[in-house]
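Worksheet for the structure shown next.
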Amino acid sequence: MQNNTIINKIIIVAGASGGIGGSVVKELSNLCANVIAVYNQTHPDFKVDRNISLIKADLSKSEEWERVLDFVSQKYGKLDALINCAGILIPGDFLNQSEKQITKMINTNFTSTIIGTQKTLQLMNRQGFGHIINIGSLGGVIPMPYSSVYSATKFALRGFTHSLSQELKGSEVKISLI
(Lines give C-alpha, C1' and ligand atoms only; values in the text may rest on other atoms or scores of the structure.)
Protein backbone atom coordinates (compact mmCIF):
# COMPACT_ATOMS: atom_id res chain seq x y z
CA MET A 1 0.00 0.00 0.00
CA GLN A 2 1.36 3.42 -0.91
CA ASN A 3 1.15 6.51 1.27
CA ASN A 4 0.27 9.42 -1.03
CA THR A 5 1.97 11.89 1.33
CA ILE A 6 5.34 10.25 0.64
CA ILE A 7 5.13 9.53 -3.10
CA ASN A 8 7.75 11.57 -5.02
CA LYS A 9 8.93 13.44 -1.91
CA ILE A 10 12.63 14.32 -1.90
CA ILE A 11 14.18 13.05 1.34
CA ILE A 12 17.79 12.94 2.54
CA VAL A 13 18.61 10.13 4.96
CA ALA A 14 21.89 10.82 6.78
CA GLY A 15 23.47 7.72 8.27
CA ALA A 16 21.99 5.47 5.60
CA SER A 17 24.36 2.54 6.16
CA GLY A 18 23.30 1.92 9.75
CA GLY A 19 20.49 -0.29 10.96
CA ILE A 20 17.96 2.49 11.47
CA GLY A 21 19.09 4.56 8.48
CA GLY A 22 19.15 1.58 6.14
CA SER A 23 15.67 0.54 7.22
CA VAL A 24 14.38 4.09 6.74
CA VAL A 25 15.85 4.21 3.21
CA LYS A 26 14.25 0.88 2.28
CA GLU A 27 10.85 1.87 3.63
CA LEU A 28 10.86 5.30 1.98
CA SER A 29 11.89 3.71 -1.31
CA ASN A 30 9.05 1.19 -1.01
CA LEU A 31 6.68 4.15 -0.49
CA CYS A 32 7.97 5.72 -3.75
CA ALA A 33 9.92 8.60 -2.21
CA ASN A 34 13.08 9.86 -3.91
CA VAL A 35 15.76 9.12 -1.34
CA ILE A 36 19.25 10.56 -1.11
CA ALA A 37 21.01 7.98 1.05
CA VAL A 38 24.14 9.47 2.62
CA TYR A 39 26.72 7.25 4.28
CA ASN A 40 30.26 7.76 5.56
CA GLN A 41 32.31 4.59 5.86
CA THR A 42 30.33 1.37 5.51
CA HIS A 43 28.64 0.92 2.15
CA PRO A 44 24.90 0.34 2.69
CA ASP A 45 23.64 -3.20 2.20
CA PHE A 46 20.36 -2.27 0.50
CA LYS A 47 19.73 -2.52 -3.23
CA VAL A 48 20.04 0.85 -4.94
CA ASP A 49 17.16 1.37 -7.36
CA ARG A 50 15.89 4.20 -9.57
CA ASN A 51 14.56 6.31 -6.68
CA ILE A 52 17.63 6.01 -4.43
CA SER A 53 20.73 8.16 -4.92
CA LEU A 54 23.76 7.05 -2.90
CA ILE A 55 26.30 9.64 -1.71
CA LYS A 56 29.41 9.03 0.39
CA ALA A 57 30.16 12.02 2.65
CA ASP A 58 31.66 12.94 6.01
CA LEU A 59 28.74 14.94 7.37
CA SER A 60 30.74 16.37 10.26
CA LYS A 61 32.20 18.74 7.63
CA SER A 62 30.25 21.75 6.38
CA GLU A 63 31.54 21.46 2.81
CA GLU A 64 30.28 17.87 2.60
CA TRP A 65 26.77 18.99 3.58
CA GLU A 66 27.00 21.71 0.93
CA ARG A 67 27.97 19.09 -1.66
CA VAL A 68 24.99 16.90 -0.73
CA LEU A 69 22.56 19.82 -0.77
CA ASP A 70 23.95 21.07 -4.10
CA PHE A 71 23.31 17.60 -5.55
CA VAL A 72 19.72 17.68 -4.29
CA SER A 73 19.11 21.21 -5.60
CA GLN A 74 20.53 20.39 -9.03
CA LYS A 75 18.76 17.04 -9.43
CA TYR A 76 15.40 17.82 -7.81
CA GLY A 77 15.15 21.58 -7.26
CA LYS A 78 13.74 21.13 -3.76
CA LEU A 79 14.05 19.14 -0.55
CA ASP A 80 11.03 17.96 1.41
CA ALA A 81 12.73 16.35 4.40
CA LEU A 82 15.99 15.49 6.09
CA ILE A 83 16.14 12.50 8.41
CA ASN A 84 19.27 12.50 10.59
CA CYS A 85 19.94 8.86 11.51
CA ALA A 86 23.72 9.01 11.84
CA GLY A 87 24.85 7.63 15.15
CA ILE A 88 27.49 5.47 16.75
CA LEU A 89 27.87 3.89 20.18
CA ILE A 90 31.32 2.86 21.34
CA PRO A 91 30.55 1.32 24.73
CA GLY A 92 33.09 1.19 27.48
CA ASP A 93 34.38 2.60 30.72
CA PHE A 94 34.70 6.37 30.22
CA LEU A 95 38.21 6.45 31.74
CA ASN A 96 39.42 3.94 29.17
CA GLN A 97 37.93 5.58 26.10
CA SER A 98 40.41 7.25 23.80
CA GLU A 99 40.11 10.85 22.67
CA LYS A 100 39.63 9.49 19.14
CA GLN A 101 36.63 7.39 20.24
CA ILE A 102 35.11 10.32 22.13
CA THR A 103 35.58 12.71 19.21
CA LYS A 104 34.13 10.18 16.76
CA MET A 105 30.95 9.79 18.82
CA ILE A 106 30.53 13.56 19.28
CA ASN A 107 31.13 14.29 15.59
CA THR A 108 28.87 11.50 14.33
CA ASN A 109 26.04 11.82 16.84
CA PHE A 110 25.87 15.57 17.33
CA THR A 111 28.20 17.78 15.28
CA SER A 112 27.05 16.34 11.95
CA THR A 113 23.40 16.91 12.90
CA ILE A 114 24.02 20.51 14.00
CA ILE A 115 25.88 21.39 10.81
CA GLY A 116 23.42 19.52 8.59
CA THR A 117 20.43 21.08 10.26
CA GLN A 118 21.83 24.58 9.82
CA LYS A 119 22.70 24.05 6.14
CA THR A 120 19.40 22.30 5.40
CA LEU A 121 17.39 24.90 7.29
CA GLN A 122 18.87 27.64 5.10
CA LEU A 123 17.65 25.79 2.00
CA MET A 124 14.24 25.00 3.48
CA ASN A 125 13.71 28.60 4.62
CA ARG A 126 14.45 29.80 1.07
CA GLN A 127 11.96 27.35 -0.43
CA GLY A 128 9.38 28.03 2.30
CA PHE A 129 8.79 24.47 3.53
CA GLY A 130 10.42 21.32 4.82
CA HIS A 131 10.77 18.98 7.76
CA ILE A 132 13.91 17.95 9.62
CA ILE A 133 13.63 14.77 11.67
CA ASN A 134 16.36 13.87 14.17
CA ILE A 135 16.53 10.29 15.39
CA GLY A 136 17.19 10.26 19.11
CA SER A 137 17.71 7.45 21.55
CA LEU A 138 16.52 6.28 24.91
CA GLY A 139 20.13 7.10 25.87
CA GLY A 140 19.15 10.76 25.49
CA VAL A 141 16.43 10.41 28.10
CA ILE A 142 17.79 7.83 30.54
CA PRO A 143 21.55 7.76 31.27
CA MET A 144 23.14 4.37 30.69
CA PRO A 145 26.35 3.04 32.24
CA TYR A 146 29.33 2.49 29.96
CA SER A 147 27.89 4.85 27.37
CA SER A 148 28.43 8.24 28.99
CA VAL A 149 29.65 10.02 25.85
CA TYR A 150 26.93 8.46 23.71
CA SER A 151 24.29 9.50 26.26
CA ALA A 152 25.74 13.02 26.39
CA THR A 153 25.46 13.36 22.60
CA LYS A 154 21.88 12.11 22.60
CA PHE A 155 20.89 14.41 25.49
CA ALA A 156 22.46 17.27 23.50
CA LEU A 157 20.56 16.25 20.37
CA ARG A 158 17.31 16.21 22.31
CA GLY A 159 17.93 19.67 23.78
CA PHE A 160 19.02 21.08 20.43
CA THR A 161 15.95 19.77 18.62
CA HIS A 162 13.47 20.98 21.25
CA SER A 163 15.12 24.40 21.42
CA LEU A 164 15.21 24.82 17.64
CA SER A 165 11.57 23.73 17.45
CA GLN A 166 10.72 26.75 19.61
CA GLU A 167 12.73 29.03 17.30
CA LEU A 168 10.84 27.70 14.27
CA LYS A 169 7.34 28.28 15.69
CA GLY A 170 5.23 29.96 13.05
CA SER A 171 7.56 28.79 10.27
CA GLU A 172 6.61 26.41 7.48
CA VAL A 173 9.79 24.48 8.31
CA LYS A 174 9.38 21.95 11.10
CA ILE A 175 11.85 19.97 13.20
CA SER A 176 11.05 16.83 15.17
CA LEU A 177 12.80 14.32 17.39
CA ILE A 178 11.91 10.66 17.23
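Letters for chains follow the order of the C-alpha coordinates (A, B, ...), residue numbers begin at 1 for each chain, and ligand numbers begin at 1 in the order shown.
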Would you tabulate, counting only C-alpha atoms, all residues of region 97-147 of chain A that have an atom at most 12 Å from an atom of region 21-32 of chain A, showing the closest pair of atoms and their distance in Å to one decimal, sorted by chain then ascending number, as a Markdown table?
```
| residue | atom | partner | partner_atom | distance |
| --- | --- | --- | --- | --- |
| A:Ile133 | CA | A:Val24 | CA | 11.8 |
| A:Asn134 | CA | A:Gly21 | CA | 11.2 |
| A:Ile135 | CA | A:Gly21 | CA | 9.3 |
```
Taking a cut-off of 7 Å and counting only C-alpha atoms, can you build a table that, for each residue of region 13-122 of chain A near region 144-161 of chain A, reports the nearest atom pair and how far apart they are in Å (one decimal), sorted by chain then residue number, as CSV?
```
residue,atom,partner,partner_atom,distance
A:Leu89,CA,A:Tyr150,CA,5.9
A:Pro91,CA,A:Ser147,CA,5.1
A:Gly92,CA,A:Tyr146,CA,4.7
A:Asp93,CA,A:Tyr146,CA,5.1
A:Phe94,CA,A:Tyr146,CA,6.6
A:Ile102,CA,A:Val149,CA,6.6
A:Met105,CA,A:Tyr150,CA,6.5
A:Ile106,CA,A:Thr153,CA,6.1
A:Asn109,CA,A:Thr153,CA,6.0
A:Phe110,CA,A:Thr153,CA,5.7
```
Mind dumping the selected residues with N, CA and C atoms as a CSV table (one decimal), in the first residue's frame?
```
chain,number,residue,atom,x,y,z
A,89,LEU,N,27.7,4.2,18.8
A,89,LEU,CA,27.9,3.9,20.2
A,89,LEU,C,29.1,3.1,20.3
A,91,PRO,N,30.7,1.5,23.3
A,91,PRO,CA,30.5,1.3,24.7
A,91,PRO,C,31.9,1.1,25.4
A,92,GLY,N,31.9,1.4,26.7
A,92,GLY,CA,33.1,1.2,27.5
A,92,GLY,C,33.2,2.1,28.7
A,93,ASP,N,34.1,1.8,29.5
A,93,ASP,CA,34.4,2.6,30.7
A,93,ASP,C,34.9,3.9,30.2
A,94,PHE,N,34.3,5.0,30.7
A,94,PHE,CA,34.7,6.4,30.2
A,94,PHE,C,36.2,6.6,30.4
A,102,ILE,N,36.0,9.3,21.6
A,102,ILE,CA,35.1,10.3,22.1
A,102,ILE,C,34.8,11.3,21.0
A,105,MET,N,32.4,9.8,18.4
A,105,MET,CA,30.9,9.8,18.8
A,105,MET,C,30.3,11.2,18.8
A,106,ILE,N,31.1,12.2,19.3
A,106,ILE,CA,30.5,13.6,19.3
A,106,ILE,C,30.3,14.0,17.9
A,109,ASN,N,27.4,11.8,16.2
A,109,ASN,CA,26.0,11.8,16.8
A,109,ASN,C,25.5,13.2,17.0
A,110,PHE,N,26.4,14.2,17.0
A,110,PHE,CA,25.9,15.6,17.3
A,110,PHE,C,26.4,16.6,16.3
```
Margin query: Just checking: using only C-alpha atoms, which residue out of A:Ile20, A:Leu54, A:Leu79, A:Ile6 ends up closest to Ile132 (chain A)?
Written below: A:Leu79
Next item on the list: Compare A:Ser163, A:Asn40, A:Ser137, A:Asn107 by their minimum atom-to-atom distance to Ala14 (chain A), counting only C-alpha atoms, and give me the closest one.
Entry: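 Ranked by minimum distance to Ala14 (chain A), first place goes to A:Asn40.
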Checklist line | Spatial neighbours of Lys9 (chain A), 12 Å, only C-alpha atoms, chain gap at least 5 places, as a ChimeraX atom specification | finding: /A:3-4,28-29,31-36,51-52,72,76-82,130-131
Please save N, CA and C atoms of the selected residues as a PDB file, in the first residue's frame.
```pdb
ATOM      1  N   ASN A   3       1.587   5.340   0.511  1.00  0.00           N
ATOM      2  CA  ASN A   3       1.150   6.505   1.266  1.00  0.00           C
ATOM      3  C   ASN A   3       1.323   7.715   0.358  1.00  0.00           C
ATOM      4  N   ASN A   4       0.212   8.314  -0.073  1.00  0.00           N
ATOM      5  CA  ASN A   4       0.274   9.421  -1.028  1.00  0.00           C
ATOM      6  C   ASN A   4       1.039  10.623  -0.506  1.00  0.00           C
ATOM      7  N   LEU A  28      11.204   4.135   2.798  1.00  0.00           N
ATOM      8  CA  LEU A  28      10.860   5.303   1.977  1.00  0.00           C
ATOM      9  C   LEU A  28      10.872   4.953   0.491  1.00  0.00           C
ATOM     10  N   SER A  29      11.828   4.145   0.079  1.00  0.00           N
ATOM     11  CA  SER A  29      11.888   3.713  -1.315  1.00  0.00           C
ATOM     12  C   SER A  29      10.655   2.888  -1.672  1.00  0.00           C
ATOM     13  N   LEU A  31       7.815   3.222  -0.452  1.00  0.00           N
ATOM     14  CA  LEU A  31       6.682   4.149  -0.495  1.00  0.00           C
ATOM     15  C   LEU A  31       6.797   5.146  -1.655  1.00  0.00           C
ATOM     16  N   CYS A  32       7.774   4.915  -2.531  1.00  0.00           N
ATOM     17  CA  CYS A  32       7.973   5.723  -3.751  1.00  0.00           C
ATOM     18  C   CYS A  32       8.480   7.133  -3.497  1.00  0.00           C
ATOM     19  N   ALA A  33       9.233   7.322  -2.425  1.00  0.00           N
ATOM     20  CA  ALA A  33       9.920   8.598  -2.215  1.00  0.00           C
ATOM     21  C   ALA A  33      11.221   8.573  -3.011  1.00  0.00           C
ATOM     22  N   ASN A  34      11.743   9.738  -3.327  1.00  0.00           N
ATOM     23  CA  ASN A  34      13.076   9.864  -3.910  1.00  0.00           C
ATOM     24  C   ASN A  34      14.039  10.085  -2.753  1.00  0.00           C
ATOM     25  N   VAL A  35      14.909   9.124  -2.525  1.00  0.00           N
ATOM     26  CA  VAL A  35      15.760   9.120  -1.340  1.00  0.00           C
ATOM     27  C   VAL A  35      17.208   9.381  -1.720  1.00  0.00           C
ATOM     28  N   ILE A  36      17.818  10.318  -0.997  1.00  0.00           N
ATOM     29  CA  ILE A  36      19.245  10.556  -1.112  1.00  0.00           C
ATOM     30  C   ILE A  36      19.857   9.915   0.126  1.00  0.00           C
ATOM     31  N   ASN A  51      14.930   5.164  -7.527  1.00  0.00           N
ATOM     32  CA  ASN A  51      14.555   6.305  -6.683  1.00  0.00           C
ATOM     33  C   ASN A  51      15.472   6.476  -5.472  1.00  0.00           C
ATOM     34  N   ILE A  52      16.635   5.837  -5.501  1.00  0.00           N
ATOM     35  CA  ILE A  52      17.628   6.013  -4.432  1.00  0.00           C
ATOM     36  C   ILE A  52      18.928   6.519  -5.049  1.00  0.00           C
ATOM     37  N   VAL A  72      21.181  17.711  -4.400  1.00  0.00           N
ATOM     38  CA  VAL A  72      19.718  17.682  -4.293  1.00  0.00           C
ATOM     39  C   VAL A  72      19.105  18.839  -5.075  1.00  0.00           C
ATOM     40  N   TYR A  76      16.830  17.775  -8.121  1.00  0.00           N
ATOM     41  CA  TYR A  76      15.397  17.816  -7.813  1.00  0.00           C
ATOM     42  C   TYR A  76      14.818  19.226  -7.706  1.00  0.00           C
ATOM     43  N   GLY A  77      15.647  20.217  -7.396  1.00  0.00           N
ATOM     44  CA  GLY A  77      15.153  21.582  -7.265  1.00  0.00           C
ATOM     45  C   GLY A  77      14.455  21.897  -5.961  1.00  0.00           C
ATOM     46  N   LYS A  78      14.372  20.924  -5.071  1.00  0.00           N
ATOM     47  CA  LYS A  78      13.739  21.127  -3.764  1.00  0.00           C
ATOM     48  C   LYS A  78      14.145  19.996  -2.832  1.00  0.00           C
ATOM     49  N   LEU A  79      13.825  20.179  -1.552  1.00  0.00           N
ATOM     50  CA  LEU A  79      14.047  19.144  -0.548  1.00  0.00           C
ATOM     51  C   LEU A  79      12.862  19.169   0.400  1.00  0.00           C
ATOM     52  N   ASP A  80      12.189  18.035   0.530  1.00  0.00           N
ATOM     53  CA  ASP A  80      11.026  17.959   1.413  1.00  0.00           C
ATOM     54  C   ASP A  80      11.403  17.635   2.850  1.00  0.00           C
ATOM     55  N   ALA A  81      12.397  16.763   3.033  1.00  0.00           N
ATOM     56  CA  ALA A  81      12.731  16.354   4.398  1.00  0.00           C
ATOM     57  C   ALA A  81      14.177  15.886   4.501  1.00  0.00           C
ATOM     58  N   LEU A  82      14.695  16.040   5.694  1.00  0.00           N
ATOM     59  CA  LEU A  82      15.995  15.493   6.090  1.00  0.00           C
ATOM     60  C   LEU A  82      15.745  14.622   7.303  1.00  0.00           C
ATOM     61  N   GLY A 130       9.523  22.435   4.568  1.00  0.00           N
ATOM     62  CA  GLY A 130      10.419  21.319   4.825  1.00  0.00           C
ATOM     63  C   GLY A 130      10.264  20.785   6.231  1.00  0.00           C
ATOM     64  N   HIS A 131      10.835  19.622   6.448  1.00  0.00           N
ATOM     65  CA  HIS A 131      10.771  18.979   7.759  1.00  0.00           C
ATOM     66  C   HIS A 131      12.107  18.296   8.023  1.00  0.00           C
TER      67      HIS A 131
END
```
